[in-house]
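File shown: target-v5.pdb (PDB, C-alpha atoms, pLDDT in the B column).
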```pdb
MODEL        1
ATOM      1  CA  GLN A   1      15.648   8.586   5.838  1.00 61.00           C
ATOM      2  CA  ALA A   2      13.393   5.932   4.349  1.00 67.00           C
ATOM      3  CA  PRO A   3       9.925   5.977   5.886  1.00 89.00           C
ATOM      4  CA  LEU A   4      10.024   2.247   6.637  1.00 94.00           C
ATOM      5  CA  GLU A   5      12.928  -0.081   7.356  1.00 95.00           C
ATOM      6  CA  GLU A   6      12.715  -3.857   7.650  1.00 97.00           C
ATOM      7  CA  SER A   7      15.116  -6.101   9.555  1.00 97.00           C
ATOM      8  CA  GLY A   8      15.363  -9.637  10.877  1.00 98.00           C
ATOM      9  CA  GLY A   9      15.705 -11.678   7.711  1.00 97.00           C
ATOM     10  CA  GLY A  10      18.300 -14.378   7.243  1.00 97.00           C
ATOM     11  CA  LEU A  11      19.220 -17.855   6.073  1.00 98.00           C
ATOM     12  CA  VAL A  12      17.518 -20.584   8.102  1.00 98.00           C
ATOM     13  CA  GLN A  13      16.746 -24.279   7.841  1.00 98.00           C
ATOM     14  CA  PRO A  14      13.249 -25.642   7.263  1.00 98.00           C
ATOM     15  CA  GLY A  15      11.223 -25.625  10.461  1.00 98.00           C
ATOM     16  CA  ALA A  16      13.056 -22.641  11.940  1.00 98.00           C
ATOM     17  CA  SER A  17      11.574 -19.356  13.118  1.00 98.00           C
ATOM     18  CA  LEU A  18      12.340 -15.702  12.467  1.00 98.00           C
ATOM     19  CA  ARG A  19      10.905 -12.407  13.609  1.00 98.00           C
ATOM     20  CA  LEU A  20      10.855  -9.600  11.095  1.00 98.00           C
ATOM     21  CA  SER A  21      10.584  -5.995  12.228  1.00 98.00           C
ATOM     22  CA  CYS A  22       9.463  -2.913  10.351  1.00 97.00           C
ATOM     23  CA  ALA A  23      10.420   0.363  11.968  1.00 95.00           C
ATOM     24  CA  ALA A  24       8.871   3.630  10.872  1.00 92.00           C
ATOM     25  CA  ALA A  25      11.063   6.713  10.667  1.00 86.00           C
ATOM     26  CA  SER A  26      10.928   9.148  13.545  1.00 81.00           C
ATOM     27  CA  GLY A  27       8.312  11.791  13.020  1.00 79.00           C
ATOM     28  CA  VAL A  28       5.983   9.348  11.285  1.00 78.00           C
ATOM     29  CA  SER A  29       2.632   9.045  13.027  1.00 83.00           C
ATOM     30  CA  PHE A  30       2.818   5.256  12.952  1.00 87.00           C
ATOM     31  CA  SER A  31      -0.433   4.743  14.841  1.00 89.00           C
ATOM     32  CA  THR A  32      -2.370   6.509  12.097  1.00 91.00           C
ATOM     33  CA  TYR A  33      -1.314   4.044   9.370  1.00 93.00           C
ATOM     34  CA  ASP A  34      -2.648   0.711   8.246  1.00 95.00           C
ATOM     35  CA  MET A  35       0.339  -1.607   7.872  1.00 95.00           C
ATOM     36  CA  ALA A  36       1.044  -4.737   5.876  1.00 97.00           C
ATOM     37  CA  TRP A  37       3.652  -7.292   4.880  1.00 98.00           C
ATOM     38  CA  PHE A  38       4.188  -8.543   1.343  1.00 98.00           C
ATOM     39  CA  ARG A  39       6.776 -10.888  -0.094  1.00 98.00           C
ATOM     40  CA  GLN A  40       8.271 -11.413  -3.506  1.00 98.00           C
ATOM     41  CA  ALA A  41      10.205 -14.410  -4.740  1.00 96.00           C
ATOM     42  CA  PRO A  42      12.440 -14.197  -7.834  1.00 92.00           C
ATOM     43  CA  GLY A  43      10.381 -14.229 -11.014  1.00 94.00           C
ATOM     44  CA  LYS A  44       7.086 -13.963  -9.135  1.00 96.00           C
ATOM     45  CA  GLU A  45       4.649 -11.166  -8.386  1.00 96.00           C
ATOM     46  CA  ARG A  46       4.565  -9.422  -5.042  1.00 97.00           C
ATOM     47  CA  GLU A  47       2.309 -11.458  -2.752  1.00 97.00           C
ATOM     48  CA  PHE A  48       0.217 -10.358   0.227  1.00 98.00           C
ATOM     49  CA  VAL A  49       1.269 -11.929   3.526  1.00 98.00           C
ATOM     50  CA  ALA A  50      -0.455 -10.036   6.343  1.00 97.00           C
ATOM     51  CA  ALA A  51      -2.123  -6.766   7.234  1.00 96.00           C
ATOM     52  CA  ASN A  52      -2.514  -4.947  10.537  1.00 93.00           C
ATOM     53  CA  ARG A  53      -5.106  -2.187  10.617  1.00 92.00           C
ATOM     54  CA  LYS A  54      -4.719   0.845  12.853  1.00 89.00           C
ATOM     55  CA  ARG A  55      -8.301   0.535  14.023  1.00 79.00           C
ATOM     56  CA  ASN A  56      -8.500  -2.113  16.730  1.00 77.00           C
ATOM     57  CA  SER A  57      -5.252  -3.584  15.351  1.00 79.00           C
ATOM     58  CA  ALA A  58      -7.383  -5.924  13.249  1.00 89.00           C
ATOM     59  CA  THR A  59      -5.240  -8.459  11.426  1.00 93.00           C
ATOM     60  CA  TYR A  60      -5.571 -10.300   8.136  1.00 95.00           C
ATOM     61  CA  LEU A  61      -3.421 -13.212   6.977  1.00 96.00           C
ATOM     62  CA  ALA A  62      -2.892 -14.917   3.649  1.00 96.00           C
ATOM     63  CA  ASP A  63      -4.247 -18.463   3.590  1.00 95.00           C
ATOM     64  CA  SER A  64      -0.812 -19.829   2.692  1.00 92.00           C
ATOM     65  CA  ILE A  65       0.707 -18.751   6.007  1.00 94.00           C
ATOM     66  CA  LYS A  66      -2.173 -19.054   8.462  1.00 93.00           C
ATOM     67  CA  GLY A  67      -1.175 -20.990  11.531  1.00 94.00           C
ATOM     68  CA  ARG A  68       2.521 -20.311  10.927  1.00 97.00           C
ATOM     69  CA  PHE A  69       2.911 -16.515  10.760  1.00 97.00           C
ATOM     70  CA  THR A  70       1.641 -13.877  13.174  1.00 97.00           C
ATOM     71  CA  VAL A  71       1.480 -10.125  12.570  1.00 96.00           C
ATOM     72  CA  SER A  72       1.489  -7.511  15.314  1.00 95.00           C
ATOM     73  CA  ARG A  73       2.323  -3.884  15.951  1.00 94.00           C
ATOM     74  CA  ASP A  74       3.658  -1.769  18.794  1.00 93.00           C
ATOM     75  CA  ASN A  75       2.564   1.813  18.260  1.00 90.00           C
ATOM     76  CA  ALA A  76       4.720   3.041  21.155  1.00 91.00           C
ATOM     77  CA  LYS A  77       7.790   1.721  19.337  1.00 93.00           C
ATOM     78  CA  ASN A  78       6.634   2.726  15.848  1.00 92.00           C
ATOM     79  CA  THR A  79       7.214  -0.866  14.811  1.00 94.00           C
ATOM     80  CA  GLN A  80       5.351  -3.682  13.081  1.00 95.00           C
ATOM     81  CA  TYR A  81       6.368  -7.318  13.473  1.00 97.00           C
ATOM     82  CA  LEU A  82       5.954 -10.518  11.517  1.00 98.00           C
ATOM     83  CA  GLN A  83       6.654 -13.702  13.461  1.00 98.00           C
ATOM     84  CA  LEU A  84       7.480 -16.565  11.121  1.00 98.00           C
ATOM     85  CA  THR A  85       7.437 -20.141  12.442  1.00 98.00           C
ATOM     86  CA  ASN A  86       7.797 -23.575  10.856  1.00 97.00           C
ATOM     87  CA  LEU A  87       9.416 -21.990   7.829  1.00 98.00           C
ATOM     88  CA  LYS A  88       9.351 -23.847   4.532  1.00 97.00           C
ATOM     89  CA  PRO A  89      11.527 -23.499   1.417  1.00 96.00           C
ATOM     90  CA  GLU A  90       8.563 -21.942  -0.404  1.00 96.00           C
ATOM     91  CA  ASP A  91       8.657 -19.067   2.111  1.00 97.00           C
ATOM     92  CA  THR A  92      11.942 -17.941   0.571  1.00 98.00           C
ATOM     93  CA  ALA A  93      11.444 -14.372  -0.652  1.00 98.00           C
ATOM     94  CA  THR A  94      12.184 -10.740   0.005  1.00 98.00           C
ATOM     95  CA  TYR A  95       9.731  -9.507   2.620  1.00 98.00           C
ATOM     96  CA  PHE A  96       8.486  -5.932   2.359  1.00 98.00           C
ATOM     97  CA  CYS A  97       6.741  -3.705   4.842  1.00 97.00           C
ATOM     98  CA  ALA A  98       4.063  -1.320   3.545  1.00 96.00           C
ATOM     99  CA  ALA A  99       1.924   1.456   4.967  1.00 95.00           C
ATOM    100  CA  SER A 100      -1.132   3.427   4.001  1.00 94.00           C
ATOM    101  CA  ARG A 101      -3.179   6.104   5.768  1.00 92.00           C
ATOM    102  CA  THR A 102      -6.256   4.051   5.150  1.00 87.00           C
ATOM    103  CA  THR A 103      -7.258   0.811   3.449  1.00 88.00           C
ATOM    104  CA  ILE A 104     -10.529  -0.920   2.760  1.00 90.00           C
ATOM    105  CA  THR A 105     -11.084  -4.555   3.531  1.00 89.00           C
ATOM    106  CA  SER A 106     -11.809  -5.580  -0.040  1.00 90.00           C
ATOM    107  CA  THR A 107      -8.499  -4.262  -1.381  1.00 93.00           C
ATOM    108  CA  LEU A 108      -6.004  -4.385   1.497  1.00 94.00           C
ATOM    109  CA  ARG A 109      -4.368  -7.469  -0.034  1.00 96.00           C
ATOM    110  CA  ARG A 110      -3.325  -5.494  -3.119  1.00 96.00           C
ATOM    111  CA  PRO A 111       0.106  -3.815  -3.263  1.00 97.00           C
ATOM    112  CA  GLU A 112      -1.387  -0.751  -4.946  1.00 96.00           C
ATOM    113  CA  SER A 113      -3.374  -0.046  -1.772  1.00 96.00           C
ATOM    114  CA  TYR A 114      -0.186   1.045   0.005  1.00 96.00           C
ATOM    115  CA  THR A 115       1.690   4.317  -0.324  1.00 93.00           C
ATOM    116  CA  TYR A 116       4.945   3.712   1.519  1.00 93.00           C
ATOM    117  CA  TRP A 117       7.324   0.770   1.226  1.00 95.00           C
ATOM    118  CA  GLY A 118      10.526  -0.403   2.827  1.00 95.00           C
ATOM    119  CA  GLN A 119      13.571  -1.761   1.003  1.00 95.00           C
ATOM    120  CA  GLY A 120      12.844  -5.342   2.009  1.00 97.00           C
ATOM    121  CA  THR A 121      14.614  -8.018   4.022  1.00 98.00           C
ATOM    122  CA  GLN A 122      15.638 -11.361   2.553  1.00 98.00           C
ATOM    123  CA  VAL A 123      14.399 -14.615   4.042  1.00 98.00           C
ATOM    124  CA  THR A 124      15.973 -17.788   2.692  1.00 98.00           C
ATOM    125  CA  VAL A 125      14.837 -21.205   3.876  1.00 98.00           C
ATOM    126  CA  SER A 126      17.159 -23.988   2.824  1.00 97.00           C
ATOM    127  CA  SER A 127      18.704 -27.131   4.211  1.00 95.00           C
TER     128      SER A 127
ENDMDL
END
```

Could I get this file's structure written as structure tokens?
Amino acid sequence: QAPLEESGGGLVQPGASLRLSCAAASGVSFSTYDMAWFRQAPGKEREFVAANRKRNSATYLADSIKGRFTVSRDNAKNTQYLQLTNLKPEDTATYFCAASRTTITSTLRRPESYTYWGQGTQVTVSS
């Protein structure tokens, strides 16, 4: 079983909303991990979207999605969420969930800071 599994992607029109979920496999001590979301569009590098630290559930968001996306976690359900609103065509990408035992603030936006990854869920925004 993969350690992380994303769901909730789909094809939507501009302005629509989606909620992505990232479920950790049973037996994973989800509450002990710093979590994050990244996205990758075809031909582009993987891009930081949001992070959700285990300590105080502190959150960090990329400037490009502030005010539109919200990240949260439910440790009791072993699940991280990414609420996407007012979606734009440039949000089209595969969205990945990532986890690490610990991250530091200066590098938590880098993919190499994370140990575990999901398979990704596709979000397509098109009219």

Item to complete: Could you state which residues are captured by the PyMOL selection byres ((chain A and resi 41) around 12) in this file, as a PyMOL selection string?
Response: chain A and resi 38-40+42-48+89-96+120-125

List the residues selected by the PyMOL selection byres ((chain A and resi 3-13) around 9) in the file shown, writing them as an mmCIF file with C-alpha atoms, in the frame of the given file.
```cif
data_model
loop_
_atom_site.group_PDB
_atom_site.id
_atom_site.type_symbol
_atom_site.label_atom_id
_atom_site.label_comp_id
_atom_site.auth_asym_id
_atom_site.auth_seq_id
_atom_site.Cartn_x
_atom_site.Cartn_y
_atom_site.Cartn_z
ATOM 1 C CA GLN A 1 15.648 8.586 5.838
ATOM 2 C CA ALA A 2 13.393 5.932 4.349
ATOM 3 C CA PRO A 14 13.249 -25.642 7.263
ATOM 4 C CA GLY A 15 11.223 -25.625 10.461
ATOM 5 C CA ALA A 16 13.056 -22.641 11.940
ATOM 6 C CA SER A 17 11.574 -19.356 13.118
ATOM 7 C CA LEU A 18 12.340 -15.702 12.467
ATOM 8 C CA ARG A 19 10.905 -12.407 13.609
ATOM 9 C CA LEU A 20 10.855 -9.600 11.095
ATOM 10 C CA SER A 21 10.584 -5.995 12.228
ATOM 11 C CA CYS A 22 9.463 -2.913 10.351
ATOM 12 C CA ALA A 23 10.420 0.363 11.968
ATOM 13 C CA ALA A 24 8.871 3.630 10.872
ATOM 14 C CA ALA A 25 11.063 6.713 10.667
ATOM 15 C CA SER A 26 10.928 9.148 13.545
ATOM 16 C CA VAL A 28 5.983 9.348 11.285
ATOM 17 C CA LEU A 87 9.416 -21.990 7.829
ATOM 18 C CA LYS A 88 9.351 -23.847 4.532
ATOM 19 C CA PRO A 89 11.527 -23.499 1.417
ATOM 20 C CA THR A 94 12.184 -10.740 0.005
ATOM 21 C CA TYR A 95 9.731 -9.507 2.620
ATOM 22 C CA PHE A 96 8.486 -5.932 2.359
ATOM 23 C CA CYS A 97 6.741 -3.705 4.842
ATOM 24 C CA ALA A 98 4.063 -1.320 3.545
ATOM 25 C CA ALA A 99 1.924 1.456 4.967
ATOM 26 C CA TYR A 116 4.945 3.712 1.519
ATOM 27 C CA TRP A 117 7.324 0.770 1.226
ATOM 28 C CA GLY A 118 10.526 -0.403 2.827
ATOM 29 C CA GLN A 119 13.571 -1.761 1.003
ATOM 30 C CA GLY A 120 12.844 -5.342 2.009
ATOM 31 C CA THR A 121 14.614 -8.018 4.022
ATOM 32 C CA GLN A 122 15.638 -11.361 2.553
ATOM 33 C CA VAL A 123 14.399 -14.615 4.042
ATOM 34 C CA THR A 124 15.973 -17.788 2.692
ATOM 35 C CA VAL A 125 14.837 -21.205 3.876
ATOM 36 C CA SER A 126 17.159 -23.988 2.824
ATOM 37 C CA SER A 127 18.704 -27.131 4.211
#
```

Starting from 6 Å padding per side, set up an axis-aligned box that covers all listed atoms of stretch 34-44 of chain A and hand over centre and edge lengths in Å, one decimal, as AutoDock Vina command-line options.
```
--center_x 4.9 --center_y -6.8 --center_z -1.4 --size_x 27.1 --size_y 27.1 --size_z 31.3
```

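Atom pair atom CA of A:Arg68 / atom CA of A:Ser113 has a distance of 24.6 Å (rounded to one decimal).
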
Item to complete: Record the distance separating atom CA of A:Ala50 and atom CA of A:Ala36, expressed in Å with one decimal.
Response: 5.5 Å
